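J.: One structure, as structure tokens, below. Some questions next.
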Amino acid sequence: MDNFSFFPEQASTMAARIDSIYFTLVALSILFATLIAVFLVYFGIRYRRSAKTDRSNILYESMALEFGWSFIPFLMAMGIFGWSAFVYYDINRPPDDALEIYVIGKQWMWQIQHPLGKSEINELHVPINQPVKLIMTSQDVIHSFYIPAFRLKQDVLPGRYTTLWFQATQPGEYHLFCAEYCGTDHSQMIGKVVAMGQQEYERWLSGNVASESMVDAGKRLFNDNGCSSCHLASGTGIGPALEGVFGSEVQLEGGGTVLADEAYLRESILDPQAKVVAGHQPVMPSYQGVISEGGVLQLVAYIKSLSNTQ
Amino acid sequence: MTVSSPPVKLGKPSENYLNWAYGIKSWLLTTDHKRIGILYLISITAFFALGGVAAGLVRLDLLTPQGDLLTNDNYNKAFTLHGVIMVFFFLIPSIPATMGNFFIPIMIGAKDLAFPRLNLASWYVYMIGGLFTLSVVVLGGVDTGWTFYTPYSSTYANTAVILAAVGIFTAGFSSIFTAINFLVTIHKMRAPGLTWFRLPLFVWAHYATSIIILLGTPVLAITLLLVGVERLFRIGIFDPALGGDPILFQHLFWFYSHPAVYIMVLPSMGIISELITAFSRRRIFGYKAIALSSLAIALLGFLVWGHHMFVSGQSVYAGLVFSILTYFVAIPSAIKVFNWTATLYKGTIIYKTPMLYAMGFIGLFTIGGLTGLFLGAAAVDVHVTDTYFVVAHFHYVMVGATIMAYLGGLHFWWPKMTGRMYNESWGISSAILIFIGFNLTFLPQFVMGYMGMPRRYHVYPEEFQIYHVASTAGSTIMAVGYLLPLIYLTMSLFVGKKAEDNPWGAAGLEWTTSSPPPHDNFAETPIVTEEAYAYPETKTAEVPSGA
């Protein structure tokens, strides 16, 4: 690319909102920097030693000035804070109807799993004009999923899920960078996000599908690993029934409740004793090291599907 | 500040701390705060050179998008070495351990620091920490970045993490020793009449800095110890595979390392207050506002660490609290800039090298501070964190501001410290070169950061090359600017004009004693009767009392 530019393209709904704050800050910064520069230069010339100028009634302190130049910048700062707070809040609150795609970061690649079974490496295909929510985890160190054209990034952590949501507005190919230093090939842990029109996306999704959907793969793991022998749908098994669990408040043994989200499901698979469901014994073995991060995601997708059908 | 005691008369006019004793032993076993300041000056200059070489390798390598000069691993080691050395072995000790050490006792009319042997111990501890870090270089380097993020540092890195951590851990104690010394000295050893609000602002700045060092450094030490424990004994603290929490590390690390920025910049602000007044020949504008804003920065600085973690996965509400607190801490910094600017008003401004550095400082610190507002805005930070925007921002604050002040102070006090004048036109040229080189290096980094260029990237997309080339060109100019003082200041020791006791006509107790000062600083304890910066040029006007 030879085109020299000062500014990245805007390709998500957040990009314009973040850029507006950015430009406001640029304007305020230029204003203040110019103000200070003008005074420095003006005083610097006017009061140079060789200048014969009036130096009487020198001023040593002024509460009014101190208050003024603290309070006015403070008000401006609070304005910027409030504005940015709203946007930051929205960045962190994915819409309920978002299309969910799963991301696993590992040294030094991005592995993407689409719900219908397609998986890709270092490429993420998404439809435009539809909210997309990435549910991400890392297999080793901390990574960070960064799409400059969307103005969004989110750290990807081992041992837990983080989410990043966006709505692409322009079809095109955009840089995908790992933004958290992760070792030798950190700068090669890159890829691209391909945003495409809805129809094109459907075509891409359905093309060349040899693999099973995430839900089907999860169901297979659920049966192969013996989960199904305890977690009976009837609720009479050793383990609790999983139908309708996702998204509900689960009563815990020993009191308290927990929201059954992706992180809770993951924890219950890998560290089952951490939060035991009320009325059940802590007898489930850990599947740490038995099921891969990708497999856990498929199981999570399967368990989630058990709630969608109701 | 003037002194009512009779002019200092020494037995032999030439006796001073340099010729008071001779031989290598008289230096290595000295408890004289001035000699220890010189020992520090030599040592940190060596580390600055080493850190500079690492920076040079990084910048040269980034000339091409493919990173032709270094391998991926060597690039990672180069930027880690640059960060570790510059932060922990240059910037943090830079001003306090050299000029703070040398001038705080003199500025308050004391013979030495409260604990002279602890002061010498601090230099040895610093050197031992430095030797560990040097051994890292010899033994193949470390590649975690100066931030040591877990679980990369505690589990995955195959480099000399433990040695580097031990080096930083050890050097931390030298900071703590210095801070204790400053606090006790400033509290207990001020000359008669030198009330708190007559103290030079340089002393106020070091008082605030010492509080931060004392409260913050132990947290860093504990954090690095925990990384070592996890790495050596596989006890799960930060690595989730062992049941740890990687975000906990970030909280602990930034709890120290954000205030550490103020450890670097508060002393530099202290220097600027000295320089602006000396070369404007007038009392500082808003003395109390500047003094108290240092304390406000020290306290608020401890409450903003989470702004390094807006995309780490910490709670949204925590992010918002850290964002608003970040804006709070911006205000006292702004107050200082406005007060310095107002100090020029009706001054009698003299353009010598130190003043050029001071004005350069105000320019660079203003840009550094204003771009901090971008990063404090959590929504904007989501985009620019971990990009070159952040790299540019913290270099403006930590390098632009701190090193401008460091060099400004060094030139200002050089005649006092060495008894020799440096060459003024060389001084002015190097100040201008550094200012131009610095801006050429780091302004393009703001632009490429907003364009999305991630930091710590050895290989990068071609569209960023033009910015990297500009940046490397700028750093070459800056390097020449840094080399010049090394040459002409060293030369001045041999060929420089002998310095008068007060070559600048500056106020302050340090200018009432001889150049270089005698071993005991003053023949008799000075008595202070006036505010700081009471310049005769502006004394004709009504000076409000009780300030």
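Letters A, B, ... go to the chains of the structure tokens in the order shown; residues in each chain start at 1; ligands are counted from 1 in the same order.
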Using only C-alpha atoms, find each residue of chain B with at least one atom at most 7 Å away from an atom of chain A; report its shortest atom-to-atom pair and that distance in Å (one decimal), sort the rows by chain and rising residue number, and return the result as CSV.

T.:
residue,atom,partner,partner_atom,distance
B:Asn72,CA,A:Thr184,CA,5.7
B:Asp73,CA,A:Thr184,CA,5.3
B:Pro151,CA,A:Val141,CA,5.6
B:Tyr152,CA,A:Val141,CA,5.4
B:Pro240,CA,A:Gly159,CA,5.4
B:Arg283,CA,A:Tyr60,CA,7.0
B:Ile284,CA,A:Tyr60,CA,6.8
B:Phe285,CA,A:Tyr60,CA,4.8
B:Gly286,CA,A:Glu61,CA,4.7
B:Val311,CA,A:Gln154,CA,5.0
B:Ser312,CA,A:Asp155,CA,5.1
B:Gly313,CA,A:Thr162,CA,6.4
B:Val316,CA,A:Tyr89,CA,6.7
B:Leu320,CA,A:Ala85,CA,6.3
B:Ile324,CA,A:Phe81,CA,6.3
B:Tyr327,CA,A:Ala77,CA,6.1
B:Ile331,CA,A:Ser70,CA,6.2
B:Ile335,CA,A:Ser70,CA,6.3
B:Thr341,CA,A:Leu40,CA,6.1
B:Leu344,CA,A:Phe43,CA,5.9
B:Tyr345,CA,A:Phe43,CA,5.8
B:Lys346,CA,A:Arg55,CA,4.9
B:Gly347,CA,A:Tyr47,CA,5.7
B:Thr348,CA,A:Arg49,CA,4.7
B:Ile349,CA,A:Arg48,CA,4.4
B:Ile350,CA,A:Arg49,CA,5.8
B:Thr366,CA,A:Ala33,CA,6.7
B:Leu370,CA,A:Ser29,CA,5.8
B:Phe374,CA,A:Leu25,CA,6.6
B:Ala377,CA,A:Ser84,CA,5.6
B:Ala378,CA,A:Tyr88,CA,6.0
B:Ala379,CA,A:Tyr88,CA,4.5
B:Val380,CA,A:Ile18,CA,5.8
B:Val382,CA,A:Leu152,CA,5.9
B:His383,CA,A:Arg151,CA,4.7
B:Asp386,CA,A:Ala179,CA,5.9
B:Val447,CA,A:Phe6,CA,6.3
B:Met451,CA,A:Pro8,CA,4.9
B:Gly452,CA,A:Pro148,CA,5.0
B:Pro454,CA,A:Ala179,CA,5.8
B:Arg456,CA,A:Tyr181,CA,6.6
B:Tyr457,CA,A:Ser187,CA,4.6
B:His458,CA,A:Ser187,CA,5.8
B:Val459,CA,A:Ser187,CA,5.6
B:Tyr460,CA,A:Ser187,CA,6.9
B:Glu462,CA,A:Met1,CA,6.6
B:Glu463,CA,A:Met1,CA,5.8
B:Ala541,CA,A:Asn57,CA,6.2

J.: Emit the selected residues as a short mmCIF file (atom, residue, chain, number, x, y, z; two decimals), in the first residue's frame, including N, CA and C atoms.

T.:
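Okay, this is what ended up in again-v3.cif:
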data_model
loop_
_atom_site.label_atom_id
_atom_site.label_comp_id
_atom_site.auth_asym_id
_atom_site.auth_seq_id
_atom_site.Cartn_x
_atom_site.Cartn_y
_atom_site.Cartn_z
N ASN B 72 13.42 -11.92 15.45
CA ASN B 72 12.29 -11.59 16.31
C ASN B 72 12.70 -11.58 17.78
N ASP B 73 13.40 -12.62 18.19
CA ASP B 73 13.77 -12.73 19.60
C ASP B 73 14.72 -11.60 20.02
N PRO B 151 0.82 -14.53 32.23
CA PRO B 151 1.73 -15.61 32.57
C PRO B 151 2.93 -15.71 31.62
N TYR B 152 3.08 -14.75 30.70
CA TYR B 152 4.23 -14.86 29.80
C TYR B 152 5.53 -14.89 30.60
N PRO B 240 -3.16 -18.86 35.25
CA PRO B 240 -4.42 -19.57 35.45
C PRO B 240 -4.25 -21.09 35.38
N ARG B 283 10.41 35.90 41.64
CA ARG B 283 9.84 34.86 42.46
C ARG B 283 8.82 34.06 41.62
N ILE B 284 8.67 32.80 41.97
CA ILE B 284 7.77 31.94 41.21
C ILE B 284 6.34 32.44 41.37
N PHE B 285 5.55 32.27 40.34
CA PHE B 285 4.13 32.59 40.46
C PHE B 285 3.43 31.40 41.09
N GLY B 286 2.65 31.67 42.13
CA GLY B 286 1.83 30.60 42.74
C GLY B 286 2.66 29.55 43.44
N VAL B 311 -8.74 -2.36 28.63
CA VAL B 311 -9.16 -3.48 27.77
C VAL B 311 -8.70 -4.81 28.33
N SER B 312 -8.31 -4.83 29.61
CA SER B 312 -7.76 -6.06 30.18
C SER B 312 -8.84 -7.05 30.55
N GLY B 313 -10.08 -6.58 30.62
CA GLY B 313 -11.13 -7.45 31.10
C GLY B 313 -11.58 -7.08 32.50
N VAL B 316 -16.33 -2.90 33.80
CA VAL B 316 -16.61 -1.62 33.15
C VAL B 316 -16.64 -0.50 34.18
N LEU B 320 -14.48 2.95 34.54
CA LEU B 320 -15.01 4.33 34.58
C LEU B 320 -14.46 5.10 35.78
N ILE B 324 -12.22 8.61 35.52
CA ILE B 324 -12.50 9.94 36.10
C ILE B 324 -11.35 10.36 37.03
N TYR B 327 -8.59 11.94 35.13
CA TYR B 327 -8.79 13.37 34.82
C TYR B 327 -8.51 14.24 36.03
N ILE B 331 -5.29 17.70 36.57
CA ILE B 331 -5.45 19.11 36.94
C ILE B 331 -4.21 19.69 37.65
N ILE B 335 -1.98 22.91 36.49
CA ILE B 335 -1.73 24.07 37.36
C ILE B 335 -0.26 24.47 37.30
N THR B 341 4.33 29.37 33.31
CA THR B 341 4.16 30.35 32.23
C THR B 341 3.95 31.74 32.82
N LEU B 344 6.92 33.94 33.89
CA LEU B 344 7.67 34.74 32.92
C LEU B 344 7.17 36.19 32.89
N TYR B 345 5.91 36.36 33.32
CA TYR B 345 5.27 37.67 33.25
C TYR B 345 6.06 38.69 34.08
N LYS B 346 6.49 39.75 33.43
CA LYS B 346 7.27 40.82 34.06
C LYS B 346 8.59 40.30 34.66
N GLY B 347 9.05 39.20 34.14
CA GLY B 347 10.36 38.73 34.57
C GLY B 347 11.45 39.46 33.80
N THR B 348 12.70 39.09 34.10
CA THR B 348 13.84 39.62 33.36
C THR B 348 14.53 38.40 32.76
N ILE B 349 14.09 38.05 31.56
CA ILE B 349 14.39 36.71 31.09
C ILE B 349 15.74 36.63 30.40
N ILE B 350 16.53 35.67 30.84
CA ILE B 350 17.88 35.48 30.31
C ILE B 350 17.92 34.14 29.61
N THR B 366 3.73 19.68 28.03
CA THR B 366 2.36 20.04 27.66
C THR B 366 1.80 19.04 26.67
N LEU B 370 -1.29 16.61 27.54
CA LEU B 370 -2.53 16.68 26.77
C LEU B 370 -2.86 15.34 26.11
N PHE B 374 -6.21 11.88 26.11
CA PHE B 374 -6.76 10.94 25.13
C PHE B 374 -6.84 9.54 25.75
N ALA B 377 -9.49 8.97 28.44
CA ALA B 377 -10.84 8.75 27.91
C ALA B 377 -10.94 7.28 27.54
N ALA B 378 -11.63 6.51 28.39
CA ALA B 378 -11.61 5.05 28.25
C ALA B 378 -11.96 4.59 26.83
N ALA B 379 -12.93 5.25 26.20
CA ALA B 379 -13.37 4.80 24.88
C ALA B 379 -12.27 4.98 23.84
N VAL B 380 -11.55 6.10 23.92
CA VAL B 380 -10.45 6.32 22.98
C VAL B 380 -9.30 5.37 23.29
N VAL B 382 -9.44 2.39 24.31
CA VAL B 382 -9.70 1.05 23.75
C VAL B 382 -9.00 0.93 22.39
N HIS B 383 -9.05 2.01 21.63
CA HIS B 383 -8.41 1.99 20.31
C HIS B 383 -6.90 2.17 20.40
N ASP B 386 -1.77 0.13 23.82
CA ASP B 386 -0.89 -0.85 23.19
C ASP B 386 -0.57 -0.53 21.73
N VAL B 447 0.71 9.72 15.25
CA VAL B 447 -0.10 9.51 14.05
C VAL B 447 -0.20 8.03 13.75
N MET B 451 -3.33 5.38 13.69
CA MET B 451 -3.57 4.56 12.49
C MET B 451 -3.67 3.08 12.84
N GLY B 452 -3.19 2.70 14.02
CA GLY B 452 -3.34 1.32 14.46
C GLY B 452 -2.05 0.52 14.56
N PRO B 454 0.56 -1.37 16.25
CA PRO B 454 0.73 -1.86 17.61
C PRO B 454 2.16 -1.68 18.08
N ARG B 456 5.62 -2.85 20.20
CA ARG B 456 6.39 -4.09 20.34
C ARG B 456 6.25 -4.99 19.11
N TYR B 457 6.07 -4.36 17.92
CA TYR B 457 5.99 -5.09 16.67
C TYR B 457 7.32 -5.00 15.93
N HIS B 458 7.89 -6.15 15.69
CA HIS B 458 9.15 -6.21 14.98
C HIS B 458 8.92 -6.12 13.48
N VAL B 459 7.89 -6.78 13.03
CA VAL B 459 7.51 -6.78 11.62
C VAL B 459 6.19 -6.04 11.54
N TYR B 460 6.03 -5.16 10.54
CA TYR B 460 4.80 -4.37 10.52
C TYR B 460 4.33 -4.12 9.09
N GLU B 462 3.39 -2.38 5.62
CA GLU B 462 4.18 -1.37 4.91
C GLU B 462 3.68 0.05 5.07
N GLU B 463 2.37 0.20 5.27
CA GLU B 463 1.86 1.59 5.28
C GLU B 463 2.42 2.40 6.45
N ALA B 541 9.27 46.01 43.90
CA ALA B 541 7.80 46.01 44.04
C ALA B 541 7.41 45.45 45.40
#

J.: Could you list, as a compact mmCIF listing (two decimals) with N, CA and C atoms, in the first residue's frame, every residue within 8 Å of region 241-258 of chain A, counting only C-alpha atoms and ignoring same-chain residues fewer than 3 positions away?

T.:
# COMPACT_ATOMS: atom_id res chain seq x y z
N HIS A 231 -25.66 -36.07 33.42
CA HIS A 231 -26.53 -34.90 33.22
C HIS A 231 -27.73 -35.31 32.38
N LEU A 232 -28.65 -36.06 33.01
CA LEU A 232 -29.83 -36.54 32.29
C LEU A 232 -30.83 -35.40 32.14
N ALA A 233 -31.47 -35.37 30.99
CA ALA A 233 -32.44 -34.31 30.73
C ALA A 233 -33.59 -34.38 31.73
N SER A 234 -33.88 -35.56 32.25
CA SER A 234 -34.99 -35.72 33.17
C SER A 234 -34.72 -35.06 34.53
N GLY A 235 -33.43 -34.79 34.81
CA GLY A 235 -33.11 -34.20 36.10
C GLY A 235 -32.91 -35.24 37.17
N THR A 236 -32.99 -36.51 36.82
CA THR A 236 -32.86 -37.57 37.82
C THR A 236 -31.44 -38.14 37.87
N GLY A 237 -30.54 -37.60 37.08
CA GLY A 237 -29.17 -38.10 37.06
C GLY A 237 -28.37 -37.60 38.25
N ASP A 261 -23.38 -18.14 32.87
CA ASP A 261 -22.91 -17.60 31.60
C ASP A 261 -21.80 -18.50 31.05
N GLU A 262 -21.16 -18.06 29.99
CA GLU A 262 -20.13 -18.90 29.39
C GLU A 262 -19.01 -19.21 30.38
N TYR A 264 -19.14 -19.38 33.62
CA TYR A 264 -19.56 -20.36 34.63
C TYR A 264 -19.55 -21.78 34.05
N LYS A 275 -18.04 -24.38 42.09
CA LYS A 275 -19.42 -23.95 42.42
C LYS A 275 -20.34 -25.14 42.14
N VAL A 276 -20.77 -25.80 43.20
CA VAL A 276 -21.61 -27.00 43.05
C VAL A 276 -23.08 -26.61 43.15
N VAL A 277 -23.86 -27.16 42.23
CA VAL A 277 -25.29 -26.83 42.19
C VAL A 277 -25.99 -27.44 43.40
N ALA A 278 -26.91 -26.66 43.99
CA ALA A 278 -27.63 -27.10 45.19
C ALA A 278 -28.29 -28.45 44.94
N GLY A 279 -28.18 -29.32 45.91
CA GLY A 279 -28.81 -30.63 45.82
C GLY A 279 -27.95 -31.68 45.14
N HIS A 280 -26.71 -31.33 44.84
CA HIS A 280 -25.83 -32.29 44.17
C HIS A 280 -24.54 -32.48 44.95
N ILE A 303 -24.46 -26.64 25.28
CA ILE A 303 -25.27 -26.40 26.48
C ILE A 303 -26.15 -25.17 26.28
N LYS A 304 -25.58 -24.15 25.60
CA LYS A 304 -26.39 -22.97 25.29
C LYS A 304 -27.58 -23.33 24.41
N LEU A 306 -29.25 -25.92 24.43
CA LEU A 306 -30.29 -26.59 25.21
C LEU A 306 -31.24 -25.57 25.85
N SER A 307 -30.79 -24.34 25.94
CA SER A 307 -31.66 -23.30 26.48
C SER A 307 -32.43 -22.60 25.38
N ASN A 308 -31.86 -22.53 24.19
CA ASN A 308 -32.52 -21.82 23.09
C ASN A 308 -33.79 -22.50 22.64
N GLN A 310 -36.02 -23.89 24.34
CA GLN A 310 -37.19 -23.82 25.22
C GLN A 310 -37.97 -22.54 25.01

J.: Could you give me, as a short mmCIF file (atom, residue, chain, number, x, y, z; two decimals) with C-alpha atoms, in the first residue's frame, the residues within 10 Å of Ala506 (chain B), counting only C-alpha atoms and dropping anything in the same chain fewer than 3 positions from it?

T.:
data_model
loop_
_atom_site.label_atom_id
_atom_site.label_comp_id
_atom_site.auth_asym_id
_atom_site.auth_seq_id
_atom_site.Cartn_x
_atom_site.Cartn_y
_atom_site.Cartn_z
CA MET B 1 16.27 33.32 49.61
CA GLU B 274 14.33 26.45 39.91
CA LEU B 275 15.34 27.18 36.32
CA THR B 277 12.83 31.56 38.44
CA ALA B 278 16.61 31.81 38.12
CA PHE B 279 16.45 32.88 34.48
CA SER B 280 13.42 35.14 34.87
CA ARG B 281 14.94 36.78 37.91
CA ARG B 282 11.71 36.75 39.83
CA PHE B 412 22.42 24.87 35.73
CA ASN B 502 27.13 32.27 41.63
CA PRO B 503 27.66 32.40 37.87
CA LEU B 509 21.43 28.66 49.42
CA GLU B 510 23.46 26.52 47.04
CA TRP B 511 24.67 29.70 45.33
CA THR B 512 25.86 31.27 48.58
CA TYR B 533 13.43 33.03 44.87
CA ALA B 534 13.68 36.51 46.40
CA TYR B 535 15.45 38.11 43.43
#

J.: Hey, what's within 9 Å of region 223-235 of chain B if we count only C-alpha atoms and toss same-chain stuff fewer than 5 positions away? As a count of residues only, please?

T.: 19

J.: If DSSP is run on the backbone, what residues of region 226-265 of chain B are alpha helix (DSSP H)? A reply as a ChimeraX atom specification would be ideal.

T.: /B:226-233,246-265

J.: Save the residues we just selected, N, CA and C atoms, as an mmCIF file, in the first residue's frame?

T.:
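Printed below is out-v6.cif as written:
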data_model
loop_
_atom_site.group_PDB
_atom_site.id
_atom_site.type_symbol
_atom_site.label_atom_id
_atom_site.label_comp_id
_atom_site.auth_asym_id
_atom_site.auth_seq_id
_atom_site.Cartn_x
_atom_site.Cartn_y
_atom_site.Cartn_z
ATOM 1 N N LEU B 226 6.810 -12.456 43.632
ATOM 2 C CA LEU B 226 5.762 -13.442 43.347
ATOM 3 C C LEU B 226 5.949 -14.045 41.951
ATOM 4 N N VAL B 227 6.353 -13.213 40.992
ATOM 5 C CA VAL B 227 6.638 -13.756 39.657
ATOM 6 C C VAL B 227 7.749 -14.798 39.761
ATOM 7 N N GLY B 228 8.786 -14.469 40.537
ATOM 8 C CA GLY B 228 9.898 -15.392 40.710
ATOM 9 C C GLY B 228 9.450 -16.685 41.377
ATOM 10 N N VAL B 229 8.612 -16.568 42.405
ATOM 11 C CA VAL B 229 8.114 -17.745 43.122
ATOM 12 C C VAL B 229 7.315 -18.635 42.172
ATOM 13 N N GLU B 230 6.468 -18.008 41.361
ATOM 14 C CA GLU B 230 5.666 -18.813 40.438
ATOM 15 C C GLU B 230 6.548 -19.481 39.390
ATOM 16 N N ARG B 231 7.547 -18.732 38.914
ATOM 17 C CA ARG B 231 8.398 -19.253 37.860
ATOM 18 C C ARG B 231 9.293 -20.388 38.366
ATOM 19 N N LEU B 232 9.838 -20.213 39.566
ATOM 20 C CA LEU B 232 10.781 -21.202 40.083
ATOM 21 C C LEU B 232 10.077 -22.401 40.719
ATOM 22 N N PHE B 233 9.045 -22.124 41.501
ATOM 23 C CA PHE B 233 8.455 -23.204 42.289
ATOM 24 C C PHE B 233 7.084 -23.621 41.786
ATOM 25 N N PRO B 246 -4.030 -13.782 36.093
ATOM 26 C CA PRO B 246 -3.055 -12.929 35.385
ATOM 27 C C PRO B 246 -3.353 -11.439 35.533
ATOM 28 N N ILE B 247 -4.612 -11.099 35.769
ATOM 29 C CA ILE B 247 -4.960 -9.678 35.908
ATOM 30 C C ILE B 247 -4.447 -9.128 37.237
ATOM 31 N N LEU B 248 -4.366 -10.005 38.238
ATOM 32 C CA LEU B 248 -3.832 -9.581 39.537
ATOM 33 C C LEU B 248 -2.441 -8.986 39.357
ATOM 34 N N PHE B 249 -1.638 -9.623 38.506
ATOM 35 C CA PHE B 249 -0.298 -9.092 38.273
ATOM 36 C C PHE B 249 -0.379 -7.653 37.770
ATOM 37 N N GLN B 250 -1.276 -7.417 36.819
ATOM 38 C CA GLN B 250 -1.356 -6.079 36.231
ATOM 39 C C GLN B 250 -1.754 -5.047 37.276
ATOM 40 N N HIS B 251 -2.708 -5.419 38.139
ATOM 41 C CA HIS B 251 -3.094 -4.493 39.205
ATOM 42 C C HIS B 251 -1.891 -4.160 40.081
ATOM 43 N N LEU B 252 -1.156 -5.186 40.506
ATOM 44 C CA LEU B 252 -0.017 -4.955 41.395
ATOM 45 C C LEU B 252 1.073 -4.166 40.681
ATOM 46 N N PHE B 253 1.347 -4.563 39.434
ATOM 47 C CA PHE B 253 2.425 -3.916 38.694
ATOM 48 C C PHE B 253 2.139 -2.420 38.497
ATOM 49 N N TRP B 254 0.929 -2.119 38.067
ATOM 50 C CA TRP B 254 0.630 -0.713 37.773
ATOM 51 C C TRP B 254 0.381 0.091 39.036
ATOM 52 N N PHE B 255 0.080 -0.568 40.132
ATOM 53 C CA PHE B 255 -0.052 0.159 41.392
ATOM 54 C C PHE B 255 1.266 0.859 41.731
ATOM 55 N N TYR B 256 2.378 0.194 41.370
ATOM 56 C CA TYR B 256 3.667 0.881 41.489
ATOM 57 C C TYR B 256 3.980 1.681 40.239
ATOM 58 N N SER B 257 3.816 1.065 39.094
ATOM 59 C CA SER B 257 4.432 1.635 37.900
ATOM 60 C C SER B 257 3.716 2.857 37.370
ATOM 61 N N HIS B 258 2.439 3.058 37.744
ATOM 62 C CA HIS B 258 1.904 4.369 37.370
ATOM 63 C C HIS B 258 2.477 5.464 38.247
ATOM 64 N N PRO B 259 2.414 5.310 39.588
ATOM 65 C CA PRO B 259 3.095 6.325 40.412
ATOM 66 C C PRO B 259 4.565 6.508 40.036
ATOM 67 N N ALA B 260 5.194 5.449 39.519
ATOM 68 C CA ALA B 260 6.606 5.574 39.125
ATOM 69 C C ALA B 260 6.797 6.671 38.083
ATOM 70 N N VAL B 261 5.776 6.900 37.255
ATOM 71 C CA VAL B 261 5.865 7.989 36.287
ATOM 72 C C VAL B 261 6.032 9.314 37.023
ATOM 73 N N TYR B 262 5.338 9.424 38.175
ATOM 74 C CA TYR B 262 5.464 10.655 38.944
ATOM 75 C C TYR B 262 6.789 10.696 39.686
ATOM 76 N N ILE B 263 7.344 9.507 40.006
ATOM 77 C CA ILE B 263 8.696 9.486 40.575
ATOM 78 C C ILE B 263 9.667 10.117 39.579
ATOM 79 N N MET B 264 9.405 9.895 38.288
ATOM 80 C CA MET B 264 10.301 10.445 37.277
ATOM 81 C C MET B 264 10.010 11.916 37.022
ATOM 82 N N VAL B 265 8.736 12.295 37.056
ATOM 83 C CA VAL B 265 8.412 13.615 36.533
ATOM 84 C C VAL B 265 8.333 14.673 37.629
#

J.: As a PyMOL selection string, please: every residue in region 62-237 of chain A that DSSP puts in strand (DSSP E).

T.: chain A and resi 99-106+109-113+119-121+123-127+131-138+143-147+152-156+162-167+172-178+191-196

J.: Tell me which of A:Gly218, A:Gly207, A:Pro131, A:Pro171 sits closest to Leu297 (chain A), counting only C-alpha atoms.

T.: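 Distance minimum relative to Leu297 (chain A) lands on A:Gly218.
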
J.: Quick one: residues within 12 Å of His187 (chain B), only C-alpha atoms, excluding same-chain residues fewer than 5 positions away - as a list in words?

T.: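 Contacts, with the query itself left out: Ile104, Pro105, Ile108, Ala110, Leu113, Ala114, Ile180, Asn181, Phe182, Leu194, Thr195, Trp196, Leu199, Val203, Trp204 and Tyr207 of chain B.
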
J.: In terms of the shortest atom-to-atom distance over only C-alpha atoms, which of B:Glu524, B:Leu183, B:Ser471, B:Asp501 is closest to Met417 (chain B)?

T.: B:Asp501

J.: Hey, what's within 10 Å of Leu443 (chain B) if we count only C-alpha atoms and toss same-chain stuff fewer than 4 positions away? As a list in words, please?

T.: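 So the residues in contact are Ile367, Phe389, Ala392, His393, Tyr396, Phe438, Asn439, Val447, Met448, Tyr467, Ala470, Ser471 and Gly474 of chain B.
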
J.: Which residues, written as JSON, numbers by chain, have at least one atom at most 9 Å from region 93-97 of chain B, with only C-alpha atoms counted and residues fewer than 2 positions away on the same chain left out?

T.: {"B": [36, 37, 40, 41, 44, 45, 87, 88, 89, 90, 91, 99, 100, 101, 102, 123, 174, 175, 178, 179, 206, 209, 210, 263, 264, 267, 268, 271, 402, 403, 405, 406, 409]}

J.: Using CA of Phe322 (chain B) and CA of Ala296 (chain B) as the two end points, give the distance in Å to one decimal.

T.: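 So the answer is 16.3 Å.
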